[in-house]
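> So that we are looking at the same thing, I have put the structure below in structure tokens.
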Amino acid sequence: MDSHNGEADDLPPPPPLNACIEPLKSEETKKLLKPKRALIPRKGFGKKGQQIRLVTNHFKVSLKNTDEFFYHYYVNLKYEDDTPVGKGAGRSVIEKLQQTYATELANKDFAYDGEKSLFTIGALPQNINEFTVVVEDVSTGKTPANGSPGNDSPPGSDRKRVRRPYNTKTYKVELSFAAKIPMNAIAHALKGQESEHTQEAIRVIDIILRQHSANQGCLLVRQSFFHNNPSNFVELGGGVMGCRGFHSSFRATQSGLSLNIDVSTTMIVQPGPVINFLLANQKVDNPNKIDWQKAKRSLKNLRIKITPTNAVNKIVGLSDRPCRETMFTLKRRNDDNGDSEEISVYDHFVKNRGIELKYSADFPCINVGKQKRPSYFPIELCTLVSLQRYTKSLTTLQRSSLVEKSRQKPQERMSVLSDVLKRSNYDSEPMLKACGISIAKSFTEVDGRVLQAPKLKAGNGEDIFTRNGRWNFNNKRLIKASSVDKWAVVNFSARCNVRDLVRDLIKCGGMKGINVEPPFDAFEENPSMRRAPAVRRVEEMFEQVKTKLPGAPKFLLCILAERKNSDIYGPWKKKCLAEFGIVTQCVAPPPRVNDQYLTNVLLKINAKLGGLNSILQVESSPAMPLISKVPTMILGMDVSHGSPGQSGVPSIAAVVSSREWPLISKYRASVRSQSAKMEMIDSLFKPQGTDDNGLIRECLIDFYTSSGKRKPDQIIIFRDGVSESQFSQVLNIELDQIIEACKFLDEKWDPKFTLIVAQKNHHTKFFIPGAPDNVPPGTVVDNKVCHPRNYDFYMCSHAGMIGTTRPTHYHILHDEIGFNPDDLQELVHSLSYVYQRSTTAISVVAPICYAHAPVLSGWLAYAICHVAFGGCL
């Protein structure tokens, strides 16, 4: 190399290029350099609507000490032989550590999350702290006898600390410094200045509350706690109980830090004798009818207390043989020769231990040892301990029972929450004191507004008047009536007069503008089949339909046997819709058939067959701000996962899209399966060569063909089912996929986007002070308890007729369209009135409700993935 100054000769040669590495293409480089979108700040506050004074279940928190730091330590727990410690033992080990080594730990109080994280106020003496901790074996519950000093005492340790009583376990505990979190991060967040430490600092004080509840012996489920109080238990059937407890979490709000407390419910296993649980679980009235293979599965890993020792152990399994035939080797006491004998578990407890056994002899024993070294006990000596979570999915009957028994009217809920705050005695918690935290005892007052209900239109241009979020179709025709032809009736009920029902349905349909032709046939279930399993009943009935009809029906009306919770419903829907694509409407045998009942049935049938029942008045004239003058598509997106315990079932992603602009009342849906438990939708954009097989392409093409060959210049996205920690992914991954799907169709096309997340799974409630009623429909709150910086609001669009109204929490993550707060809130409110299957305002916008509908039953959506429904769902 030629050089004027020779300096280049001193440079090392460039590193060799790895042949496996491909240089980044310019498009990929752009993606890497592309800045991330941030959540938009609040644009202001809404002004429309009638003012209403409300209170909410947020309690104001005073934070005095903001100069201190939380110190985060990583917790590593191991047994003596360096094997890792499983879940559940951590709290007892850390509690013992704190008692034993208080001096070495500078007498610090701990906030421990029960797993890998521990927090202190101020630093521990060393960055890495290692200890040996001896804990009474919590699995036995026995009081240890006096032990002898251990020979393997660590150097310099106190003999008292390593005294080894019987039935103990020794742990190695390592606390390693992980991070330093300033408390003033909370104060900054309250001013709208969130930092990287804000969520972590709030998490620490949430962990302090969890630990406070754990110290009181509560069951902890995420941020909820449940006391062992039988008055909080309700029977759900099947050996399952609902346990009422409380949710508590700190929130940064516009009015400062607040503690959100709400009633919460979890499912627990019925405590008490094991045999009673099995009878209830299997719905049998005699122990001789118990299916012991099924019992083995349902008992595995549950904890039992064994009398008379009161030892607590985990169930490993059941013996293969009855108690009187289950043998083990018993070493004789005080026998110098070490002789032993084979004896049955039953004889050992009756003869050697003098315990009377009334019913255990012919039933399997409970094994609490190991598979290869079992430890058997007669079943009647075993009692299931309380507060053990039931994590399997509930039956339809159990679920409806839980809903019914968990209801609380607003005033009752307020009273319960006030009482729990007093009894929780958070002011005595030493770490909260050290943080300078005190919690107000009164509910926070907020300013609400009640928006005016939107006006609706029926057929022939007639107005529909709404009252308290409800309306009816008395003497009115539907906007677009479908024709009900090529249909039949299947009747699983012995109590329904099918001929009269069909006659009245045809008559009522004519009044609403629906042409209901006489059915091909009405199929009655053979009475001998009524006690058969549901799937077999469905197969038998469907075989009748197949053999007697001239061709595939367009529609089937199914009359169920029970008014509620029919086990026919699921298998029937799967058979008709998933396997054969036949639209069905299921009805329960009505106590009386009147016009209102028939109209409700016809509304559902009309919507399913592609009709339109009603529209907003503003849809019939160009009166919707920013929507009616510019082609606008509305999307609803949701992901549904398998039931608890069904880990292998695929998750189902659904996207619904508005069609026939300027309508915003009519939608179509597309669904796809994706990996189990994946919350982000991975099939919005799926390029394959020159084609795109994603969900969004289907929506865009349908909008274009149904809206006079117009592309949407504006797209409003409503996303359901994501938490605040996932907002950035929705904003930067899912929105990018939607944009790419648009660009794939037309590179020059650049629509504007507004992205809104709707959350129902939160714990904020609103109450009218001194009144027994729920807040009126149309109530919106965008102050005080909303986010200090981000753009959000709460809306109760529906009339809460039962229990306490749960508002929907809307977060506006992105808004290129440029709505002002009033216009956006009115749009959201209006979209709660266009759900075609209902004559009431619903609690969340219709696109999200539709997006959830195809995925309510995982098996159904999985079977029909890649199928798009035309017309209205």
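Naming scheme: A, B, ... for chains in displayed order of the structure tokens; residues 1 onward per chain; ligands 1 onward as shown.
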Which polymer residues have any atom within 7 Å of an atom of A:Gly513, counting only C-alpha atoms, with same-chain residues fewer than 5 positions away left out, as a list in words?

Arg477, Leu478 and Ala481 of chain A

> Those selected residues, please, written with C-alpha atoms and delivered as a PDB file, in the first residue's frame.


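selection.pdb written:
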```pdb
ATOM      1  CA  ARG A 477     -88.801  -3.466  11.101  1.00  0.00           C
ATOM      2  CA  LEU A 478     -85.126  -4.326  10.740  1.00  0.00           C
ATOM      3  CA  ALA A 481     -83.721  -8.345   6.814  1.00  0.00           C
TER       4      ALA A 481
END
```

> Mind checking which residues fall within 12 Å of stretch 287-301 of chain A, counting only C-alpha atoms, ignoring those fewer than 4 positions away in the same chain, and posting them as JSON, numbers by chain?

{"A": [238, 239, 240, 269, 270, 274, 275, 276, 277, 278, 279, 280, 281, 282, 283, 313, 314, 315, 316, 317, 318, 319, 320, 321, 322, 359, 360, 361, 362, 363, 364, 365, 366, 367, 368, 369, 370, 379, 380, 382, 383, 384, 388, 389, 390, 391, 392]}

> Find the spatial neighbours of A:Ser401, counting only C-alpha atoms, within a cut-off of 10 Å - ignore same-chain residues fewer than 3 positions away - and output them as a PDB file with N, CA and C atoms, in the first residue's frame.


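Saved file part21.pdb follows:
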```pdb
ATOM      1  N   VAL A 234     -67.594 -20.247  49.094  1.00  0.00           N
ATOM      2  CA  VAL A 234     -68.910 -20.593  48.540  1.00  0.00           C
ATOM      3  C   VAL A 234     -68.782 -21.882  47.736  1.00  0.00           C
ATOM      4  N   GLU A 235     -69.757 -22.763  47.881  1.00  0.00           N
ATOM      5  CA  GLU A 235     -69.761 -24.049  47.180  1.00  0.00           C
ATOM      6  C   GLU A 235     -70.054 -23.835  45.697  1.00  0.00           C
ATOM      7  N   LEU A 236     -69.223 -24.439  44.850  1.00  0.00           N
ATOM      8  CA  LEU A 236     -69.461 -24.374  43.401  1.00  0.00           C
ATOM      9  C   LEU A 236     -69.797 -25.741  42.826  1.00  0.00           C
ATOM     10  N   GLY A 237     -69.726 -26.786  43.661  1.00  0.00           N
ATOM     11  CA  GLY A 237     -69.970 -28.141  43.181  1.00  0.00           C
ATOM     12  C   GLY A 237     -68.701 -28.789  42.670  1.00  0.00           C
ATOM     13  N   GLY A 242     -65.447 -21.374  45.680  1.00  0.00           N
ATOM     14  CA  GLY A 242     -64.972 -20.030  45.402  1.00  0.00           C
ATOM     15  C   GLY A 242     -64.530 -19.402  46.706  1.00  0.00           C
ATOM     16  N   THR A 395     -66.435 -26.115  35.008  1.00  0.00           N
ATOM     17  CA  THR A 395     -67.530 -26.508  34.118  1.00  0.00           C
ATOM     18  C   THR A 395     -68.447 -25.297  33.929  1.00  0.00           C
ATOM     19  N   THR A 396     -69.315 -25.378  32.938  1.00  0.00           N
ATOM     20  CA  THR A 396     -70.262 -24.286  32.694  1.00  0.00           C
ATOM     21  C   THR A 396     -71.116 -24.032  33.924  1.00  0.00           C
ATOM     22  N   LEU A 397     -71.537 -25.121  34.586  1.00  0.00           N
ATOM     23  CA  LEU A 397     -72.378 -25.006  35.777  1.00  0.00           C
ATOM     24  C   LEU A 397     -71.615 -24.341  36.911  1.00  0.00           C
ATOM     25  N   GLN A 398     -70.355 -24.742  37.126  1.00  0.00           N
ATOM     26  CA  GLN A 398     -69.544 -24.132  38.183  1.00  0.00           C
ATOM     27  C   GLN A 398     -69.305 -22.656  37.910  1.00  0.00           C
ATOM     28  N   GLU A 404     -72.876 -16.067  39.955  1.00  0.00           N
ATOM     29  CA  GLU A 404     -74.073 -15.769  40.732  1.00  0.00           C
ATOM     30  C   GLU A 404     -73.752 -15.487  42.196  1.00  0.00           C
ATOM     31  N   LYS A 405     -72.822 -16.263  42.761  1.00  0.00           N
ATOM     32  CA  LYS A 405     -72.528 -16.130  44.189  1.00  0.00           C
ATOM     33  C   LYS A 405     -71.482 -15.059  44.489  1.00  0.00           C
ATOM     34  N   SER A 406     -70.843 -14.519  43.448  1.00  0.00           N
ATOM     35  CA  SER A 406     -69.822 -13.488  43.665  1.00  0.00           C
ATOM     36  C   SER A 406     -70.387 -12.079  43.507  1.00  0.00           C
TER      37      SER A 406
END
```

> Using only C-alpha atoms, which protein or nucleic acid residues come within 12 Å of A:Pro430? Drop anything in the same chain fewer than 2 positions from it, and give the result as a ChimeraX atom specification.

/A:108-111,120-121,205,208-209,211-212,425-428,432-438

> I need the chosen residues saved as a PDB file, in the first residue's frame, with C-alpha atoms.


```
ATOM      1  CA  LYS A 108     -32.837  -4.688  57.856  1.00  0.00           C
ATOM      2  CA  ASP A 109     -36.479  -5.427  57.057  1.00  0.00           C
ATOM      3  CA  PHE A 110     -37.012  -7.403  53.856  1.00  0.00           C
ATOM      4  CA  ALA A 111     -39.577  -7.204  51.065  1.00  0.00           C
ATOM      5  CA  THR A 120     -34.300  -3.589  51.415  1.00  0.00           C
ATOM      6  CA  ILE A 121     -34.360   0.119  52.233  1.00  0.00           C
ATOM      7  CA  ILE A 205     -44.150  -1.367  47.515  1.00  0.00           C
ATOM      8  CA  ILE A 208     -44.356  -5.115  50.656  1.00  0.00           C
ATOM      9  CA  LEU A 209     -48.173  -5.427  50.657  1.00  0.00           C
ATOM     10  CA  GLN A 211     -45.534  -9.882  52.211  1.00  0.00           C
ATOM     11  CA  HIS A 212     -47.797  -8.207  54.778  1.00  0.00           C
ATOM     12  CA  ASN A 425     -53.711  -2.427  59.291  1.00  0.00           C
ATOM     13  CA  TYR A 426     -51.142  -1.355  56.697  1.00  0.00           C
ATOM     14  CA  ASP A 427     -49.983   1.446  59.002  1.00  0.00           C
ATOM     15  CA  SER A 428     -48.279  -1.175  61.189  1.00  0.00           C
ATOM     16  CA  LEU A 432     -44.222   1.016  54.640  1.00  0.00           C
ATOM     17  CA  LYS A 433     -43.419   3.118  57.699  1.00  0.00           C
ATOM     18  CA  ALA A 434     -39.771   3.306  56.648  1.00  0.00           C
ATOM     19  CA  CYS A 435     -40.883   4.500  53.190  1.00  0.00           C
ATOM     20  CA  GLY A 436     -42.967   7.208  54.820  1.00  0.00           C
ATOM     21  CA  ILE A 437     -46.137   5.758  53.312  1.00  0.00           C
ATOM     22  CA  SER A 438     -49.558   6.324  54.865  1.00  0.00           C
TER      23      SER A 438
END
```

> Could you check how far atom CA of A:Gly648 sits from atom CA of A:Arg672, in Å to one decimal?

15.9 Å

> To test your reading of the structure, identify every residue in stretch 331-539 of chain A that backbone DSSP assigns to strand (DSSP E), and report it as a PyMOL selection string.

chain A and resi 331+340-344+364-367+376-377+382-384+437-439+444-450+456-457+463-464+483-484+487-491+515-516+522-524

> With only C-alpha atoms as the counted atoms, please give the residues lying no more than 10 Å from A:Lys116, apart from itself and same-chain residues fewer than 4 positions off, as number ranges by chain.

A: 73-77, 90, 112, 175

> Since we have the selection now, will you write its residues out, keeping N, CA and C atoms, as an mmCIF file, in the first residue's frame?


```
data_model
loop_
_atom_site.group_PDB
_atom_site.id
_atom_site.type_symbol
_atom_site.label_atom_id
_atom_site.label_comp_id
_atom_site.auth_asym_id
_atom_site.auth_seq_id
_atom_site.Cartn_x
_atom_site.Cartn_y
_atom_site.Cartn_z
ATOM 1 N N TYR A 73 -31.844 -7.317 45.658
ATOM 2 C CA TYR A 73 -30.893 -8.423 45.749
ATOM 3 C C TYR A 73 -31.500 -9.656 45.083
ATOM 4 N N TYR A 74 -30.661 -10.339 44.318
ATOM 5 C CA TYR A 74 -31.061 -11.589 43.686
ATOM 6 C C TYR A 74 -30.905 -12.716 44.704
ATOM 7 N N VAL A 75 -31.940 -13.524 44.865
ATOM 8 C CA VAL A 75 -31.944 -14.592 45.877
ATOM 9 C C VAL A 75 -31.662 -15.931 45.195
ATOM 10 N N ASN A 76 -30.641 -16.622 45.672
ATOM 11 C CA ASN A 76 -30.321 -17.959 45.166
ATOM 12 C C ASN A 76 -30.428 -18.940 46.331
ATOM 13 N N LEU A 77 -31.410 -19.832 46.259
ATOM 14 C CA LEU A 77 -31.635 -20.816 47.330
ATOM 15 C C LEU A 77 -31.223 -22.201 46.849
ATOM 16 N N GLY A 90 -39.422 -20.753 49.869
ATOM 17 C CA GLY A 90 -38.647 -19.520 49.974
ATOM 18 C C GLY A 90 -38.995 -18.643 51.157
ATOM 19 N N TYR A 112 -39.791 -9.482 50.233
ATOM 20 C CA TYR A 112 -39.399 -10.654 49.447
ATOM 21 C C TYR A 112 -40.581 -11.101 48.611
ATOM 22 N N LEU A 175 -27.462 -13.876 48.739
ATOM 23 C CA LEU A 175 -28.113 -12.632 48.346
ATOM 24 C C LEU A 175 -27.087 -11.793 47.584
#
```

> Taking 4 positions as the minimum chain separation for residues in the same chain, which residues sit within 12 Å of stretch 507-509 of chain A when counting only C-alpha atoms? Answer as an NGL selection string.

:A and (473-478 or 481-484 or 500-503 or 513-518 or 593-603 or 605-606)

> Which of these, A:Met624, A:Ile559, A:Ile261, A:Met431, has the shortest distance to A:Val204 once you count only C-alpha atoms?

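The shortest atom-to-atom distance to A:Val204 comes from A:Met431.
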
> Would you please work out which residue, of A:Asn693, A:Gln729, A:Ser628, A:Thr444, is nearest to A:Arg53 when using only C-alpha atoms?

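Looking only at the distances to A:Arg53, the closest residue turns out to be A:Thr444.
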
> Name all residues at most 7 Å from stretch 445-460 of chain A (count only C-alpha atoms; drop same-chain ones fewer than 4 positions away) and give them as a PyMOL selection string.

chain A and resi 48-56+464-465+476-479+613-617+778-781+783-784+830

> With N, CA and C atoms retained, could you export that selection as a PDB file, in the first residue's frame?


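Written file, part-v1.pdb:
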```pdb
ATOM      1  N   LYS A  48     -67.920  17.172  27.144  1.00  0.00           N
ATOM      2  CA  LYS A  48     -69.321  16.884  26.867  1.00  0.00           C
ATOM      3  C   LYS A  48     -69.921  15.975  27.943  1.00  0.00           C
ATOM      4  N   GLY A  49     -71.238  16.091  28.094  1.00  0.00           N
ATOM      5  CA  GLY A  49     -71.937  15.211  29.027  1.00  0.00           C
ATOM      6  C   GLY A  49     -72.360  15.925  30.290  1.00  0.00           C
ATOM      7  N   GLN A  50     -73.289  15.291  30.999  1.00  0.00           N
ATOM      8  CA  GLN A  50     -73.795  15.849  32.253  1.00  0.00           C
ATOM      9  C   GLN A  50     -72.855  15.483  33.392  1.00  0.00           C
ATOM     10  N   GLN A  51     -72.467  16.477  34.185  1.00  0.00           N
ATOM     11  CA  GLN A  51     -71.535  16.244  35.290  1.00  0.00           C
ATOM     12  C   GLN A  51     -72.163  15.323  36.343  1.00  0.00           C
ATOM     13  N   ILE A  52     -71.351  14.453  36.909  1.00  0.00           N
ATOM     14  CA  ILE A  52     -71.818  13.567  37.987  1.00  0.00           C
ATOM     15  C   ILE A  52     -70.684  13.364  38.986  1.00  0.00           C
ATOM     16  N   ARG A  53     -71.008  13.442  40.255  1.00  0.00           N
ATOM     17  CA  ARG A  53     -69.989  13.261  41.302  1.00  0.00           C
ATOM     18  C   ARG A  53     -69.912  11.779  41.666  1.00  0.00           C
ATOM     19  N   LEU A  54     -68.715  11.229  41.635  1.00  0.00           N
ATOM     20  CA  LEU A  54     -68.506   9.805  41.898  1.00  0.00           C
ATOM     21  C   LEU A  54     -67.395   9.619  42.914  1.00  0.00           C
ATOM     22  N   VAL A  55     -67.339   8.423  43.478  1.00  0.00           N
ATOM     23  CA  VAL A  55     -66.168   8.009  44.262  1.00  0.00           C
ATOM     24  C   VAL A  55     -65.655   6.702  43.663  1.00  0.00           C
ATOM     25  N   THR A  56     -64.395   6.416  43.910  1.00  0.00           N
ATOM     26  CA  THR A  56     -63.788   5.221  43.346  1.00  0.00           C
ATOM     27  C   THR A  56     -62.989   4.482  44.409  1.00  0.00           C
ATOM     28  N   ILE A 464     -85.251   4.738  16.741  1.00  0.00           N
ATOM     29  CA  ILE A 464     -85.336   3.873  17.926  1.00  0.00           C
ATOM     30  C   ILE A 464     -84.889   4.714  19.115  1.00  0.00           C
ATOM     31  N   PHE A 465     -85.724   4.772  20.127  1.00  0.00           N
ATOM     32  CA  PHE A 465     -85.389   5.575  21.307  1.00  0.00           C
ATOM     33  C   PHE A 465     -84.813   4.668  22.399  1.00  0.00           C
ATOM     34  N   LYS A 476     -91.458  -2.293  14.960  1.00  0.00           N
ATOM     35  CA  LYS A 476     -90.427  -1.768  14.063  1.00  0.00           C
ATOM     36  C   LYS A 476     -89.868  -2.898  13.196  1.00  0.00           C
ATOM     37  N   ARG A 477     -89.407  -2.514  12.016  1.00  0.00           N
ATOM     38  CA  ARG A 477     -88.801  -3.466  11.101  1.00  0.00           C
ATOM     39  C   ARG A 477     -87.283  -3.302  11.145  1.00  0.00           C
ATOM     40  N   LEU A 478     -86.586  -4.344  10.697  1.00  0.00           N
ATOM     41  CA  LEU A 478     -85.126  -4.326  10.740  1.00  0.00           C
ATOM     42  C   LEU A 478     -84.578  -3.574   9.530  1.00  0.00           C
ATOM     43  N   ILE A 479     -83.369  -3.010   9.690  1.00  0.00           N
ATOM     44  CA  ILE A 479     -82.733  -2.235   8.619  1.00  0.00           C
ATOM     45  C   ILE A 479     -82.566  -3.075   7.352  1.00  0.00           C
ATOM     46  N   ASN A 613     -79.669  -5.284  11.846  1.00  0.00           N
ATOM     47  CA  ASN A 613     -80.862  -5.004  12.647  1.00  0.00           C
ATOM     48  C   ASN A 613     -81.109  -3.515  12.827  1.00  0.00           C
ATOM     49  N   SER A 614     -80.073  -2.774  13.208  1.00  0.00           N
ATOM     50  CA  SER A 614     -80.212  -1.329  13.417  1.00  0.00           C
ATOM     51  C   SER A 614     -78.866  -0.676  13.142  1.00  0.00           C
ATOM     52  N   ILE A 615     -78.893   0.635  12.927  1.00  0.00           N
ATOM     53  CA  ILE A 615     -77.653   1.378  12.755  1.00  0.00           C
ATOM     54  C   ILE A 615     -77.734   2.655  13.579  1.00  0.00           C
ATOM     55  N   LEU A 616     -76.611   3.308  13.742  1.00  0.00           N
ATOM     56  CA  LEU A 616     -76.609   4.619  14.376  1.00  0.00           C
ATOM     57  C   LEU A 616     -77.230   5.621  13.420  1.00  0.00           C
ATOM     58  N   GLN A 617     -77.954   6.579  13.971  1.00  0.00           N
ATOM     59  CA  GLN A 617     -78.559   7.609  13.131  1.00  0.00           C
ATOM     60  C   GLN A 617     -77.490   8.372  12.341  1.00  0.00           C
ATOM     61  N   GLY A 778     -73.073   5.329  29.907  1.00  0.00           N
ATOM     62  CA  GLY A 778     -72.504   6.518  29.278  1.00  0.00           C
ATOM     63  C   GLY A 778     -71.579   7.288  30.197  1.00  0.00           C
ATOM     64  N   THR A 779     -71.343   6.772  31.410  1.00  0.00           N
ATOM     65  CA  THR A 779     -70.456   7.462  32.355  1.00  0.00           C
ATOM     66  C   THR A 779     -69.007   7.340  31.904  1.00  0.00           C
ATOM     67  N   VAL A 780     -68.322   8.472  31.841  1.00  0.00           N
ATOM     68  CA  VAL A 780     -66.915   8.484  31.444  1.00  0.00           C
ATOM     69  C   VAL A 780     -66.113   9.262  32.484  1.00  0.00           C
ATOM     70  N   VAL A 781     -64.910   8.759  32.795  1.00  0.00           N
ATOM     71  CA  VAL A 781     -64.004   9.408  33.754  1.00  0.00           C
ATOM     72  C   VAL A 781     -62.628   9.487  33.113  1.00  0.00           C
ATOM     73  N   ASN A 783     -60.119  11.716  34.639  1.00  0.00           N
ATOM     74  CA  ASN A 783     -59.341  12.553  35.562  1.00  0.00           C
ATOM     75  C   ASN A 783     -59.024  11.812  36.853  1.00  0.00           C
ATOM     76  N   LYS A 784     -58.124  12.361  37.617  1.00  0.00           N
ATOM     77  CA  LYS A 784     -57.740  11.934  38.983  1.00  0.00           C
ATOM     78  C   LYS A 784     -57.193  10.521  39.064  1.00  0.00           C
ATOM     79  N   SER A 830     -70.553   5.335  21.091  1.00  0.00           N
ATOM     80  CA  SER A 830     -71.460   4.925  20.000  1.00  0.00           C
ATOM     81  C   SER A 830     -71.213   3.485  19.572  1.00  0.00           C
TER      82      SER A 830
END
```

> Could you write out, as a ChimeraX atom specification, all the residues of stretch 320-420 of chain A that DSSP marks as helix (DSSP H, G or I)?

/A:323-325,345-352,379-381,396-406,410-420

> Find the residue from A:Phe703, A:Met678, A:Asn215, A:Lys752 that sits nearest to A:Gln726; use only C-alpha atoms when measuring.

A:Met678

> Can you work out which one of A:His814, A:His829, A:Arg530, A:Lys608 has the shortest atom-to-atom distance to A:Ala494, counting only C-alpha atoms?

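Of the candidates, the smallest distance to A:Ala494 is held by A:Arg530.
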